[in-house]
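Chemist: What follows is coords-v1.cif; its format and atoms are mmCIF, C-alpha atoms.
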```
data_entry
#
loop_
_atom_site.group_PDB
_atom_site.id
_atom_site.type_symbol
_atom_site.label_atom_id
_atom_site.label_comp_id
_atom_site.auth_asym_id
_atom_site.auth_seq_id
_atom_site.Cartn_x
_atom_site.Cartn_y
_atom_site.Cartn_z
ATOM 1 C CA MET A 737 -12.356 -67.426 21.520
ATOM 2 C CA ARG A 738 -15.075 -65.715 23.527
ATOM 3 C CA PHE A 739 -15.276 -63.291 26.420
ATOM 4 C CA THR A 740 -16.389 -64.830 29.693
ATOM 5 C CA ARG A 741 -19.828 -63.590 30.652
ATOM 6 C CA GLN A 742 -21.217 -62.335 33.972
ATOM 7 C CA LEU A 743 -17.942 -61.114 35.437
ATOM 8 C CA TYR A 744 -19.449 -57.726 36.203
ATOM 9 C CA GLU A 745 -22.739 -56.571 37.645
ATOM 10 C CA LYS A 746 -23.455 -54.004 34.925
ATOM 11 C CA GLU A 747 -22.220 -56.110 32.018
ATOM 12 C CA GLU A 748 -25.495 -56.229 30.099
ATOM 13 C CA LYS A 749 -26.056 -52.487 30.301
ATOM 14 C CA TYR A 750 -22.550 -51.169 29.619
ATOM 15 C CA LEU A 751 -20.327 -53.938 28.216
ATOM 16 C CA LEU A 752 -22.249 -56.628 26.357
ATOM 17 C CA PRO A 753 -22.717 -54.811 22.998
ATOM 18 C CA TYR A 754 -18.974 -54.188 22.751
ATOM 19 C CA LEU A 755 -18.056 -57.729 23.779
ATOM 20 C CA GLU A 756 -20.349 -59.113 21.095
ATOM 21 C CA SER A 757 -19.028 -56.658 18.512
ATOM 22 C CA ILE A 758 -15.405 -57.668 19.127
ATOM 23 C CA GLU A 759 -16.304 -61.369 19.048
ATOM 24 C CA GLY A 760 -18.029 -60.787 15.710
ATOM 25 C CA LEU A 761 -14.914 -59.118 14.302
ATOM 26 C CA TYR A 762 -12.787 -62.003 15.508
ATOM 27 C CA CYS A 763 -15.064 -64.642 13.966
ATOM 28 C CA HIS A 764 -14.766 -62.814 10.637
ATOM 29 C CA LEU A 765 -10.997 -62.372 10.832
ATOM 30 C CA VAL A 766 -10.115 -65.960 11.695
ATOM 31 C CA ARG A 767 -11.752 -67.126 8.457
ATOM 32 C CA LEU A 768 -9.119 -65.250 6.441
ATOM 33 C CA PRO A 769 -5.929 -66.880 5.084
ATOM 34 C CA THR A 770 -3.276 -67.413 7.727
ATOM 35 C CA ASP A 771 -0.195 -67.071 5.525
ATOM 36 C CA ASP A 772 1.122 -65.626 2.260
ATOM 37 C CA ILE A 773 4.448 -64.601 0.744
ATOM 38 C CA ALA A 774 5.576 -61.136 -0.293
ATOM 39 C CA ARG A 775 8.430 -61.015 -2.840
ATOM 40 C CA PHE A 776 10.153 -57.711 -3.432
ATOM 41 C CA ILE A 777 12.204 -56.526 -6.422
ATOM 42 C CA PRO A 778 15.799 -55.599 -5.476
ATOM 43 C CA ASP A 779 16.377 -51.840 -5.837
ATOM 44 C CA ALA A 780 19.399 -52.473 -8.046
ATOM 45 C CA ASP A 781 17.309 -54.412 -10.597
ATOM 46 C CA LEU A 782 14.766 -51.635 -10.903
ATOM 47 C CA GLU A 783 17.443 -48.950 -11.158
ATOM 48 C CA ALA A 784 19.160 -50.919 -13.939
ATOM 49 C CA ALA A 785 15.895 -51.198 -15.899
ATOM 50 C CA LEU A 786 15.285 -47.470 -15.457
ATOM 51 C CA ALA A 787 18.787 -46.692 -16.705
ATOM 52 C CA ARG A 788 18.116 -48.767 -19.831
ATOM 53 C CA HIS A 789 14.726 -47.026 -20.308
ATOM 54 C CA ASP A 790 13.262 -50.513 -20.471
ATOM 55 C CA ARG A 791 9.581 -49.608 -20.244
ATOM 56 C CA GLN A 792 8.236 -53.158 -20.222
ATOM 57 C CA THR A 793 10.608 -54.426 -17.514
ATOM 58 C CA VAL A 794 10.097 -51.324 -15.393
ATOM 59 C CA GLY A 795 6.328 -51.677 -15.669
ATOM 60 C CA ILE A 796 6.328 -55.328 -14.660
ATOM 61 C CA GLN A 797 8.809 -54.824 -11.827
ATOM 62 C CA VAL A 798 7.074 -51.759 -10.391
ATOM 63 C CA VAL A 799 3.659 -53.409 -10.504
ATOM 64 C CA SER A 800 5.046 -56.531 -8.825
ATOM 65 C CA ASP A 801 6.858 -54.521 -6.176
ATOM 66 C CA ILE A 802 3.858 -52.364 -5.313
ATOM 67 C CA PHE A 803 1.540 -55.367 -5.233
ATOM 68 C CA ASN A 804 3.823 -57.185 -2.806
ATOM 69 C CA HIS A 805 4.246 -54.118 -0.607
ATOM 70 C CA LEU A 806 0.463 -53.762 -0.517
ATOM 71 C CA LYS A 807 0.145 -57.410 0.500
ATOM 72 C CA PHE A 808 2.649 -56.772 3.270
ATOM 73 C CA PHE A 809 0.650 -53.734 4.383
ATOM 74 C CA TRP A 810 -2.638 -55.646 4.423
ATOM 75 C CA TYR A 811 -1.475 -58.905 5.977
ATOM 76 C CA THR A 812 0.621 -57.395 8.767
ATOM 77 C CA ASN A 813 -2.309 -55.279 9.921
ATOM 78 C CA THR A 814 -4.678 -58.251 9.594
ATOM 79 C CA PHE A 815 -2.554 -60.717 11.517
ATOM 80 C CA LYS A 816 -1.706 -58.237 14.269
ATOM 81 C CA VAL A 817 -5.325 -57.231 14.878
ATOM 82 C CA ILE A 818 -6.190 -60.924 15.296
ATOM 83 C CA LYS A 819 -3.435 -61.260 17.896
ATOM 84 C CA LEU A 820 -4.582 -58.071 19.624
ATOM 85 C CA ILE A 821 -8.129 -59.405 19.941
ATOM 86 C CA GLU A 822 -6.886 -62.754 21.262
ATOM 87 C CA ALA A 823 -4.799 -60.931 23.869
ATOM 88 C CA LEU A 824 -7.754 -58.732 24.817
ATOM 89 C CA ILE A 825 -10.031 -61.737 25.301
ATOM 90 C CA SER A 826 -7.391 -63.568 27.338
ATOM 91 C CA SER A 827 -6.662 -60.612 29.640
ATOM 92 C CA TYR A 828 -10.397 -59.874 30.059
ATOM 93 C CA ASN A 829 -11.169 -63.466 30.999
ATOM 94 C CA GLN A 830 -8.249 -63.598 33.443
ATOM 95 C CA GLN A 831 -9.261 -60.196 34.862
ATOM 96 C CA ASN A 832 -5.676 -59.071 34.288
ATOM 97 C CA TYR A 833 -6.326 -55.349 34.094
ATOM 98 C CA LEU A 834 -2.716 -54.311 33.569
ATOM 99 C CA ALA A 835 -2.419 -56.588 30.526
ATOM 100 C CA TRP A 836 -5.823 -55.390 29.295
ATOM 101 C CA THR A 837 -4.824 -51.710 29.368
ATOM 102 C CA LEU A 838 -1.473 -52.384 27.696
ATOM 103 C CA VAL A 839 -3.150 -54.212 24.799
ATOM 104 C CA ALA A 840 -6.064 -51.758 24.695
ATOM 105 C CA ARG A 841 -3.609 -48.902 24.223
ATOM 106 C CA SER A 842 -2.037 -50.773 21.307
ATOM 107 C CA THR A 843 -5.397 -51.006 19.535
ATOM 108 C CA LEU A 844 -5.488 -47.201 19.364
ATOM 109 C CA GLU A 845 -1.929 -47.079 18.035
ATOM 110 C CA TYR A 846 -2.539 -49.670 15.318
ATOM 111 C CA SER A 847 -5.821 -48.040 14.348
ATOM 112 C CA ALA A 848 -4.223 -44.602 14.052
ATOM 113 C CA VAL A 849 -1.104 -45.712 12.162
ATOM 114 C CA PHE A 850 -3.122 -47.889 9.765
ATOM 115 C CA TYR A 851 -5.393 -44.915 9.072
ATOM 116 C CA TYR A 852 -2.387 -42.607 8.572
ATOM 117 C CA PHE A 853 -0.782 -44.817 5.918
ATOM 118 C CA HIS A 854 -4.063 -45.645 4.194
ATOM 119 C CA LYS A 855 -4.880 -41.929 3.984
ATOM 120 C CA LYS A 856 -1.456 -41.120 2.528
ATOM 121 C CA LEU A 857 -1.783 -44.017 0.087
ATOM 122 C CA ASP A 858 -5.256 -42.941 -1.001
ATOM 123 C CA GLU A 859 -3.960 -39.425 -1.679
ATOM 124 C CA LEU A 860 -1.587 -40.946 -4.258
ATOM 125 C CA SER A 861 -4.561 -42.344 -6.271
ATOM 126 C CA PRO A 862 -3.199 -45.906 -6.340
ATOM 127 C CA CYS A 863 -6.001 -47.214 -8.569
ATOM 128 C CA ASN A 864 -5.392 -44.813 -11.456
ATOM 129 C CA PRO A 865 -4.787 -46.367 -14.913
ATOM 130 C CA SER A 866 -1.644 -44.301 -15.506
ATOM 131 C CA PHE A 867 1.193 -42.897 -13.399
ATOM 132 C CA THR A 868 4.274 -40.767 -13.642
ATOM 133 C CA ILE A 869 7.520 -42.335 -12.486
ATOM 134 C CA SER A 870 7.559 -39.971 -9.504
ATOM 135 C CA GLN A 871 4.034 -41.071 -8.484
ATOM 136 C CA LEU A 872 5.087 -44.716 -8.564
ATOM 137 C CA GLN A 873 8.197 -43.887 -6.550
ATOM 138 C CA ASP A 874 6.027 -42.059 -4.004
ATOM 139 C CA ILE A 875 3.784 -45.113 -3.596
ATOM 140 C CA VAL A 876 6.771 -47.418 -3.125
ATOM 141 C CA GLY A 877 8.428 -44.942 -0.759
ATOM 142 C CA LEU A 878 5.313 -44.658 1.393
ATOM 143 C CA LEU A 879 4.873 -48.423 1.629
ATOM 144 C CA LYS A 880 8.555 -48.865 2.447
ATOM 145 C CA ARG A 881 8.219 -46.317 5.225
ATOM 146 C CA TYR A 882 5.449 -48.494 6.620
ATOM 147 C CA SER A 883 7.391 -51.754 6.283
ATOM 148 C CA HIS A 884 10.811 -50.423 7.362
ATOM 149 C CA GLY A 885 9.934 -47.437 9.538
ATOM 150 C CA THR A 886 11.670 -47.766 12.893
ATOM 151 C CA ARG A 887 13.075 -45.919 15.881
ATOM 152 C CA PHE A 888 15.810 -48.455 16.603
ATOM 153 C CA ASN A 889 19.256 -49.137 15.169
ATOM 154 C CA TRP A 890 18.543 -52.532 13.643
ATOM 155 C CA THR A 891 21.645 -52.302 11.419
ATOM 156 C CA SER A 892 24.027 -52.393 14.382
ATOM 157 C CA LEU A 893 22.083 -55.156 16.125
ATOM 158 C CA LEU A 894 21.845 -57.427 13.083
ATOM 159 C CA THR A 895 25.484 -56.941 12.079
ATOM 160 C CA GLY A 896 26.655 -57.581 15.628
ATOM 161 C CA THR A 897 28.326 -54.179 16.057
ATOM 162 C CA LEU A 898 27.084 -53.798 19.617
ATOM 163 C CA ASP A 899 29.587 -51.065 20.469
ATOM 164 C CA GLU A 900 27.983 -48.920 17.800
ATOM 165 C CA LEU A 901 24.554 -49.813 19.150
ATOM 166 C CA LEU A 902 25.521 -48.639 22.633
ATOM 167 C CA LYS A 903 26.740 -45.356 21.178
ATOM 168 C CA ASN A 904 23.648 -44.797 19.071
ATOM 169 C CA HIS A 905 20.434 -46.827 19.257
ATOM 170 C CA LYS A 906 18.605 -44.594 16.773
ATOM 171 C CA PRO A 907 17.965 -45.944 13.250
ATOM 172 C CA SER A 908 20.697 -45.756 10.639
ATOM 173 C CA ALA A 909 20.213 -43.638 7.519
ATOM 174 C CA GLU A 910 19.174 -46.637 5.421
ATOM 175 C CA PHE A 911 15.944 -47.027 7.405
ATOM 176 C CA PRO A 912 13.130 -44.466 7.336
ATOM 177 C CA GLU A 913 11.896 -43.046 10.613
ATOM 178 C CA ALA A 914 8.653 -44.580 11.882
ATOM 179 C CA VAL A 915 5.605 -42.337 11.911
ATOM 180 C CA ASN A 916 5.004 -40.716 15.297
ATOM 181 C CA VAL A 917 1.954 -42.273 16.966
ATOM 182 C CA LEU A 918 0.771 -38.869 18.201
ATOM 183 C CA THR A 919 0.907 -37.566 14.629
ATOM 184 C CA ALA A 920 -1.138 -40.543 13.459
ATOM 185 C CA LEU A 921 -3.659 -40.002 16.265
ATOM 186 C CA SER A 922 -4.031 -36.381 15.214
ATOM 187 C CA HIS A 923 -4.882 -37.490 11.667
ATOM 188 C CA LEU A 924 -7.358 -40.055 12.992
ATOM 189 C CA ARG A 925 -9.038 -37.457 15.204
ATOM 190 C CA LYS A 926 -9.719 -35.289 12.156
ATOM 191 C CA SER A 927 -11.031 -38.189 10.075
ATOM 192 C CA HIS A 928 -14.507 -38.414 11.583
ATOM 193 C CA GLU A 929 -16.575 -36.995 14.421
ATOM 194 C CA SER A 930 -16.604 -40.375 16.165
ATOM 195 C CA PHE A 931 -12.830 -40.079 16.709
ATOM 196 C CA ARG A 932 -12.896 -36.553 18.145
ATOM 197 C CA GLU A 933 -11.882 -37.855 21.605
ATOM 198 C CA VAL A 934 -9.290 -40.395 20.485
ATOM 199 C CA GLU A 935 -6.330 -38.333 21.731
ATOM 200 C CA VAL A 936 -7.993 -37.920 25.141
ATOM 201 C CA ALA A 937 -8.639 -41.660 25.275
ATOM 202 C CA TYR A 938 -5.022 -42.349 24.337
ATOM 203 C CA ALA A 939 -3.816 -40.137 27.182
ATOM 204 C CA LEU A 940 -6.017 -42.102 29.601
ATOM 205 C CA PHE A 941 -4.853 -45.450 28.227
ATOM 206 C CA SER A 942 -1.234 -44.315 28.433
ATOM 207 C CA ASP A 943 -1.619 -43.416 32.110
ATOM 208 C CA PHE A 944 -2.981 -46.900 32.725
ATOM 209 C CA ALA A 945 -0.126 -48.450 30.727
ATOM 210 C CA HIS A 946 2.741 -46.397 32.199
ATOM 211 C CA PRO A 947 3.931 -46.626 35.815
ATOM 212 C CA ASN A 948 1.804 -43.573 36.630
ATOM 213 C CA MET A 949 -1.208 -42.965 38.875
ATOM 214 C CA GLY A 950 -3.501 -44.725 36.420
ATOM 215 C CA SER A 951 -1.556 -47.988 36.498
ATOM 216 C CA HIS A 952 -1.458 -47.957 40.321
ATOM 217 C CA THR A 953 -5.249 -48.224 40.361
ATOM 218 C CA LEU A 954 -4.967 -51.566 38.559
ATOM 219 C CA VAL A 955 -3.713 -53.161 41.800
ATOM 220 C CA ILE A 956 -6.033 -51.319 44.187
ATOM 221 C CA ASP A 957 -9.585 -52.281 45.105
ATOM 222 C CA LEU A 958 -12.234 -49.742 44.205
ATOM 223 C CA PRO A 959 -13.754 -48.558 47.515
ATOM 224 C CA GLY A 960 -17.221 -49.895 48.187
ATOM 225 C CA ALA A 961 -18.357 -46.962 50.297
ATOM 226 C CA GLU A 962 -17.514 -43.288 50.706
ATOM 227 C CA SER A 963 -16.177 -43.986 54.199
ATOM 228 C CA ASP A 964 -13.425 -46.103 52.647
ATOM 229 C CA LEU A 965 -12.017 -43.307 50.452
ATOM 230 C CA ASN A 966 -9.094 -42.622 52.789
ATOM 231 C CA GLU A 967 -8.144 -46.286 52.816
ATOM 232 C CA CYS A 968 -6.084 -47.856 50.026
ATOM 233 C CA ARG A 969 -6.490 -51.606 49.760
ATOM 234 C CA LEU A 970 -3.562 -52.902 47.691
ATOM 235 C CA VAL A 971 -4.213 -56.291 46.098
ATOM 236 C CA LEU A 972 -2.764 -58.533 43.420
ATOM 237 C CA ASN A 973 -6.258 -59.172 42.035
ATOM 238 C CA PRO A 974 -8.549 -56.135 42.465
ATOM 239 C CA ASN A 975 -12.258 -56.503 43.136
ATOM 240 C CA SER A 976 -14.869 -56.665 40.385
ATOM 241 C CA LYS A 977 -15.868 -53.044 40.988
ATOM 242 C CA ARG A 978 -12.376 -51.981 39.899
ATOM 243 C CA GLY A 979 -12.554 -54.259 36.881
ATOM 244 C CA GLU A 980 -15.957 -52.927 35.907
ATOM 245 C CA PHE A 981 -14.650 -49.366 36.162
ATOM 246 C CA ILE A 982 -11.715 -50.210 33.873
ATOM 247 C CA MET A 983 -13.936 -51.903 31.300
ATOM 248 C CA VAL A 984 -16.544 -49.147 31.237
ATOM 249 C CA ALA A 985 -13.734 -46.611 30.768
ATOM 250 C CA THR A 986 -12.001 -48.435 27.919
ATOM 251 C CA LEU A 987 -14.118 -51.045 26.156
ATOM 252 C CA SER A 988 -16.145 -48.793 23.839
ATOM 253 C CA THR A 989 -12.962 -47.094 22.585
ATOM 254 C CA VAL A 990 -11.271 -50.452 22.026
ATOM 255 C CA ASP A 991 -14.243 -51.704 20.021
ATOM 256 C CA MET A 992 -14.384 -48.542 17.903
ATOM 257 C CA ASN A 993 -10.707 -48.756 16.980
ATOM 258 C CA LEU A 994 -10.820 -52.470 16.232
ATOM 259 C CA ARG A 995 -13.751 -51.828 13.906
ATOM 260 C CA ASN A 996 -11.751 -49.020 12.303
ATOM 261 C CA ILE A 997 -8.890 -51.423 11.589
ATOM 262 C CA VAL A 998 -11.250 -53.951 9.999
ATOM 263 C CA ASP A 999 -12.878 -51.201 7.929
ATOM 264 C CA LEU A 1000 -9.447 -50.092 6.712
ATOM 265 C CA MET A 1001 -8.656 -53.708 5.838
ATOM 266 C CA GLY A 1002 -11.633 -53.707 3.490
ATOM 267 C CA LYS A 1003 -10.600 -50.451 1.827
ATOM 268 C CA THR A 1004 -6.983 -51.545 1.503
ATOM 269 C CA GLY A 1005 -8.099 -54.917 0.172
ATOM 270 C CA LYS A 1006 -9.728 -53.199 -2.808
ATOM 271 C CA ILE A 1007 -6.408 -51.530 -3.649
ATOM 272 C CA VAL A 1008 -4.591 -54.870 -3.316
ATOM 273 C CA GLY A 1009 -7.176 -56.405 -5.650
ATOM 274 C CA HIS A 1010 -6.605 -53.668 -8.234
ATOM 275 C CA TRP A 1011 -2.871 -54.342 -8.337
ATOM 276 C CA TYR A 1012 -3.463 -58.084 -8.436
ATOM 277 C CA GLU A 1013 -5.491 -57.566 -11.603
ATOM 278 C CA LEU A 1014 -2.595 -55.582 -13.044
ATOM 279 C CA ILE A 1015 -0.300 -58.539 -12.294
ATOM 280 C CA GLU A 1016 -2.748 -60.873 -14.030
ATOM 281 C CA ASN A 1017 -2.696 -58.562 -17.068
ATOM 282 C CA GLY A 1018 1.091 -58.733 -17.302
ATOM 283 C CA GLY A 1019 1.827 -55.519 -15.443
ATOM 284 C CA ALA A 1020 0.117 -53.366 -18.025
ATOM 285 C CA ILE A 1021 0.144 -49.806 -16.695
ATOM 286 C CA GLU A 1022 0.754 -46.542 -18.501
ATOM 287 C CA ILE A 1023 3.871 -44.769 -17.294
ATOM 288 C CA ASP A 1024 4.502 -41.123 -18.127
ATOM 289 C CA TRP A 1025 8.250 -40.843 -18.457
#
```
Please re-express this file's structure in structure tokens.

Modeler:
Amino acid sequence: MRFTRQLYEKEEKYLLPYLESIEGLYCHLVRLPTDDIARFIPDADLEAALARHDRQTVGIQVVSDIFNHLKFFWYTNTFKVIKLIEALISSYNQQNYLAWTLVARSTLEYSAVFYYFHKKLDELSPCNPSFTISQLQDIVGLLKRYSHGTRFNWTSLLTGTLDELLKNHKPSAEFPEAVNVLTALSHLRKSHESFREVEVAYALFSDFAHPNMGSHTLVIDLPGAESDLNECRLVLNPNSKRGEFIMVATLSTVDMNLRNIVDLMGKTGKIVGHWYELIENGGAIEIDW
């Protein structure tokens, strides 16, 4: 998939480098595997092995569980960034500015949350040769918060207890609470100077995405002359000047956060590779009991 060229007068000066950058990311990503399977160890099996002080079984099961959680972490971010880019290209080519801003906002959210969990994972030194039981539990707990973190009562929905769902749509105690996007953005802002304005950008993107003043502009022509400022031309498909304004305001930030996701994929991939090697070696890790 490619972005359509020459939609905007100032494309070459302000947009082209970012369009080419995103296309390059996409060409790289679509060469990756398109499926895999993650198999998790039931909690009861691991607890039973711990109760027996079965070091070998615990080692093998923990290594397998962490490896599969890491695969889940890596693949879900990989597949979703591919879908985000496809949606961005589609909305750009159709000049659907509402769809563009909705997806663009999501790129910031995925970038920030991916960074948040990778940072927390890295702090647990996941590539060490030896671990305490509590360290291993912390790694599993963090990855489970990523995979099962939610703000919705999935238990009531999936069990069909809709009356309970109407009373309380918040997650049940068995599911961890999802990380707050604003918290993740705050962590991303502190990660590097290039992200110092990410929270400001997110506020702008949110105003475009919500039914606020920003989103109204997505169905209004940008005035061509100062004399037209008191006139509001409401249209289903705004003029190219409006589109160019939207793209200049958002495209560089979108590109930066997509590149951040791909960079994090590389860093996470090294951790996945480390645990794959442990699997190949029969789950041989040192556990301090």

Chemist: Quick one: of A:Ser883, A:Ser861, A:Asn889, A:Gln792, who's nearest to Lys903 (chain A), counting all atoms listed in the file?

Modeler: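 Ranking A:Ser883, A:Ser861, A:Asn889, A:Gln792 by distance to Lys903 (chain A), first place goes to A:Asn889.
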
Chemist: Choose the residue, out of A:Ala945, A:Leu921, A:Ile773, A:Leu879, that has the smallest atom-to-atom separation from Ala835 (chain A); count only C-alpha atoms.

Modeler: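 Nearest candidate to Ala835 (chain A) out of A:Ala945, A:Leu921, A:Ile773, A:Leu879: A:Ala945.
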
Chemist: Suppose you want the space between CA of Asn996 (chain A) and CA of Cys863 (chain A); what is it in Å?

Modeler: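 Computing it gives 21.7 Å between the two atoms.
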
Chemist: For the structure provided, state which residues fall under the PyMOL selection byres ((chain A and resi 738-745) around 12), and present them as number ranges by chain.

Modeler: A: 737, 746-763, 821-831, 975-984

Chemist: Put those residues in a file: C-alpha atoms, as a JSON list (two decimals), in the coordinates of the input.

Modeler:
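What landed in selection12.json:
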```json
[["chain", "number", "residue", "atom", "x", "y", "z"],
["A", 737, "MET", "CA", -12.36, -67.43, 21.52],
["A", 746, "LYS", "CA", -23.46, -54.00, 34.92],
["A", 747, "GLU", "CA", -22.22, -56.11, 32.02],
["A", 748, "GLU", "CA", -25.50, -56.23, 30.10],
["A", 749, "LYS", "CA", -26.06, -52.49, 30.30],
["A", 750, "TYR", "CA", -22.55, -51.17, 29.62],
["A", 751, "LEU", "CA", -20.33, -53.94, 28.22],
["A", 752, "LEU", "CA", -22.25, -56.63, 26.36],
["A", 753, "PRO", "CA", -22.72, -54.81, 23.00],
["A", 754, "TYR", "CA", -18.97, -54.19, 22.75],
["A", 755, "LEU", "CA", -18.06, -57.73, 23.78],
["A", 756, "GLU", "CA", -20.35, -59.11, 21.10],
["A", 757, "SER", "CA", -19.03, -56.66, 18.51],
["A", 758, "ILE", "CA", -15.40, -57.67, 19.13],
["A", 759, "GLU", "CA", -16.30, -61.37, 19.05],
["A", 760, "GLY", "CA", -18.03, -60.79, 15.71],
["A", 761, "LEU", "CA", -14.91, -59.12, 14.30],
["A", 762, "TYR", "CA", -12.79, -62.00, 15.51],
["A", 763, "CYS", "CA", -15.06, -64.64, 13.97],
["A", 821, "ILE", "CA", -8.13, -59.40, 19.94],
["A", 822, "GLU", "CA", -6.89, -62.75, 21.26],
["A", 823, "ALA", "CA", -4.80, -60.93, 23.87],
["A", 824, "LEU", "CA", -7.75, -58.73, 24.82],
["A", 825, "ILE", "CA", -10.03, -61.74, 25.30],
["A", 826, "SER", "CA", -7.39, -63.57, 27.34],
["A", 827, "SER", "CA", -6.66, -60.61, 29.64],
["A", 828, "TYR", "CA", -10.40, -59.87, 30.06],
["A", 829, "ASN", "CA", -11.17, -63.47, 31.00],
["A", 830, "GLN", "CA", -8.25, -63.60, 33.44],
["A", 831, "GLN", "CA", -9.26, -60.20, 34.86],
["A", 975, "ASN", "CA", -12.26, -56.50, 43.14],
["A", 976, "SER", "CA", -14.87, -56.66, 40.38],
["A", 977, "LYS", "CA", -15.87, -53.04, 40.99],
["A", 978, "ARG", "CA", -12.38, -51.98, 39.90],
["A", 979, "GLY", "CA", -12.55, -54.26, 36.88],
["A", 980, "GLU", "CA", -15.96, -52.93, 35.91],
["A", 981, "PHE", "CA", -14.65, -49.37, 36.16],
["A", 982, "ILE", "CA", -11.72, -50.21, 33.87],
["A", 983, "MET", "CA", -13.94, -51.90, 31.30],
["A", 984, "VAL", "CA", -16.54, -49.15, 31.24]]
```

Chemist: Env of Gly950 (chain A): 12 Å cut, atoms = all atoms listed in the file, seq-sep filter 4 positions within chain, self excluded. Answer as an mmCIF file with C-alpha atoms, keeping the file's coordinate frame.

Modeler:
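part_25.cif, freshly written:
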```cif
data_model
loop_
_atom_site.group_PDB
_atom_site.id
_atom_site.type_symbol
_atom_site.label_atom_id
_atom_site.label_comp_id
_atom_site.auth_asym_id
_atom_site.auth_seq_id
_atom_site.Cartn_x
_atom_site.Cartn_y
_atom_site.Cartn_z
ATOM 1 C CA TYR A 833 -6.326 -55.349 34.094
ATOM 2 C CA LEU A 834 -2.716 -54.311 33.569
ATOM 3 C CA THR A 837 -4.824 -51.710 29.368
ATOM 4 C CA LEU A 838 -1.473 -52.384 27.696
ATOM 5 C CA ALA A 939 -3.816 -40.137 27.182
ATOM 6 C CA LEU A 940 -6.017 -42.102 29.601
ATOM 7 C CA PHE A 941 -4.853 -45.450 28.227
ATOM 8 C CA SER A 942 -1.234 -44.315 28.433
ATOM 9 C CA ASP A 943 -1.619 -43.416 32.110
ATOM 10 C CA PHE A 944 -2.981 -46.900 32.725
ATOM 11 C CA ALA A 945 -0.126 -48.450 30.727
ATOM 12 C CA HIS A 946 2.741 -46.397 32.199
ATOM 13 C CA LEU A 954 -4.967 -51.566 38.559
ATOM 14 C CA VAL A 955 -3.713 -53.161 41.800
ATOM 15 C CA ILE A 956 -6.033 -51.319 44.187
ATOM 16 C CA ARG A 978 -12.376 -51.981 39.899
ATOM 17 C CA ILE A 982 -11.715 -50.210 33.873
ATOM 18 C CA ALA A 985 -13.734 -46.611 30.768
#
```

Chemist: Mind working out the centre and edge lengths of an axis-aligned box for region 864-880 of chain A, all listed atoms inside, 6 Å added to each side, rounded to one decimal in Å and written as lines of an AutoDock Vina configuration file?

Modeler:
```
center_x = 1.6
center_y = -44.4
center_z = -6.5
size_x = 25.9
size_y = 20.9
size_z = 30.0
```

Chemist: Complete the atoms of region 844-856 of chain A to N, CA and C atoms and put them out as a PDB file, in the coordinates of the input.

Modeler:
```pdb
ATOM      1  N   LEU A 844      -5.403 -48.590  19.839  1.00  0.00           N
ATOM      2  CA  LEU A 844      -5.488 -47.201  19.364  1.00  0.00           C
ATOM      3  C   LEU A 844      -4.307 -46.876  18.461  1.00  0.00           C
ATOM      4  N   GLU A 845      -3.125 -47.358  18.830  1.00  0.00           N
ATOM      5  CA  GLU A 845      -1.929 -47.079  18.035  1.00  0.00           C
ATOM      6  C   GLU A 845      -2.018 -47.726  16.653  1.00  0.00           C
ATOM      7  N   TYR A 846      -2.421 -48.991  16.611  1.00  0.00           N
ATOM      8  CA  TYR A 846      -2.539 -49.670  15.318  1.00  0.00           C
ATOM      9  C   TYR A 846      -3.635 -49.052  14.457  1.00  0.00           C
ATOM     10  N   SER A 847      -4.733 -48.683  15.073  1.00  0.00           N
ATOM     11  CA  SER A 847      -5.821 -48.040  14.348  1.00  0.00           C
ATOM     12  C   SER A 847      -5.357 -46.725  13.731  1.00  0.00           C
ATOM     13  N   ALA A 848      -4.660 -45.915  14.517  1.00  0.00           N
ATOM     14  CA  ALA A 848      -4.223 -44.602  14.052  1.00  0.00           C
ATOM     15  C   ALA A 848      -3.160 -44.708  12.961  1.00  0.00           C
ATOM     16  N   VAL A 849      -2.188 -45.584  13.145  1.00  0.00           N
ATOM     17  CA  VAL A 849      -1.104 -45.712  12.162  1.00  0.00           C
ATOM     18  C   VAL A 849      -1.623 -46.333  10.864  1.00  0.00           C
ATOM     19  N   PHE A 850      -2.509 -47.297  10.961  1.00  0.00           N
ATOM     20  CA  PHE A 850      -3.122 -47.889   9.765  1.00  0.00           C
ATOM     21  C   PHE A 850      -3.872 -46.796   9.002  1.00  0.00           C
ATOM     22  N   TYR A 851      -4.652 -45.999   9.733  1.00  0.00           N
ATOM     23  CA  TYR A 851      -5.393 -44.915   9.072  1.00  0.00           C
ATOM     24  C   TYR A 851      -4.433 -43.932   8.419  1.00  0.00           C
ATOM     25  N   TYR A 852      -3.352 -43.577   9.102  1.00  0.00           N
ATOM     26  CA  TYR A 852      -2.387 -42.607   8.572  1.00  0.00           C
ATOM     27  C   TYR A 852      -1.837 -43.076   7.224  1.00  0.00           C
ATOM     28  N   PHE A 853      -1.389 -44.329   7.161  1.00  0.00           N
ATOM     29  CA  PHE A 853      -0.782 -44.817   5.918  1.00  0.00           C
ATOM     30  C   PHE A 853      -1.830 -45.033   4.837  1.00  0.00           C
ATOM     31  N   HIS A 854      -3.023 -45.479   5.209  1.00  0.00           N
ATOM     32  CA  HIS A 854      -4.063 -45.645   4.194  1.00  0.00           C
ATOM     33  C   HIS A 854      -4.447 -44.294   3.611  1.00  0.00           C
ATOM     34  N   LYS A 855      -4.546 -43.277   4.454  1.00  0.00           N
ATOM     35  CA  LYS A 855      -4.880 -41.929   3.984  1.00  0.00           C
ATOM     36  C   LYS A 855      -3.819 -41.409   3.023  1.00  0.00           C
ATOM     37  N   LYS A 856      -2.551 -41.570   3.395  1.00  0.00           N
ATOM     38  CA  LYS A 856      -1.456 -41.120   2.528  1.00  0.00           C
ATOM     39  C   LYS A 856      -1.438 -41.898   1.212  1.00  0.00           C
TER      40      LYS A 856
END
```
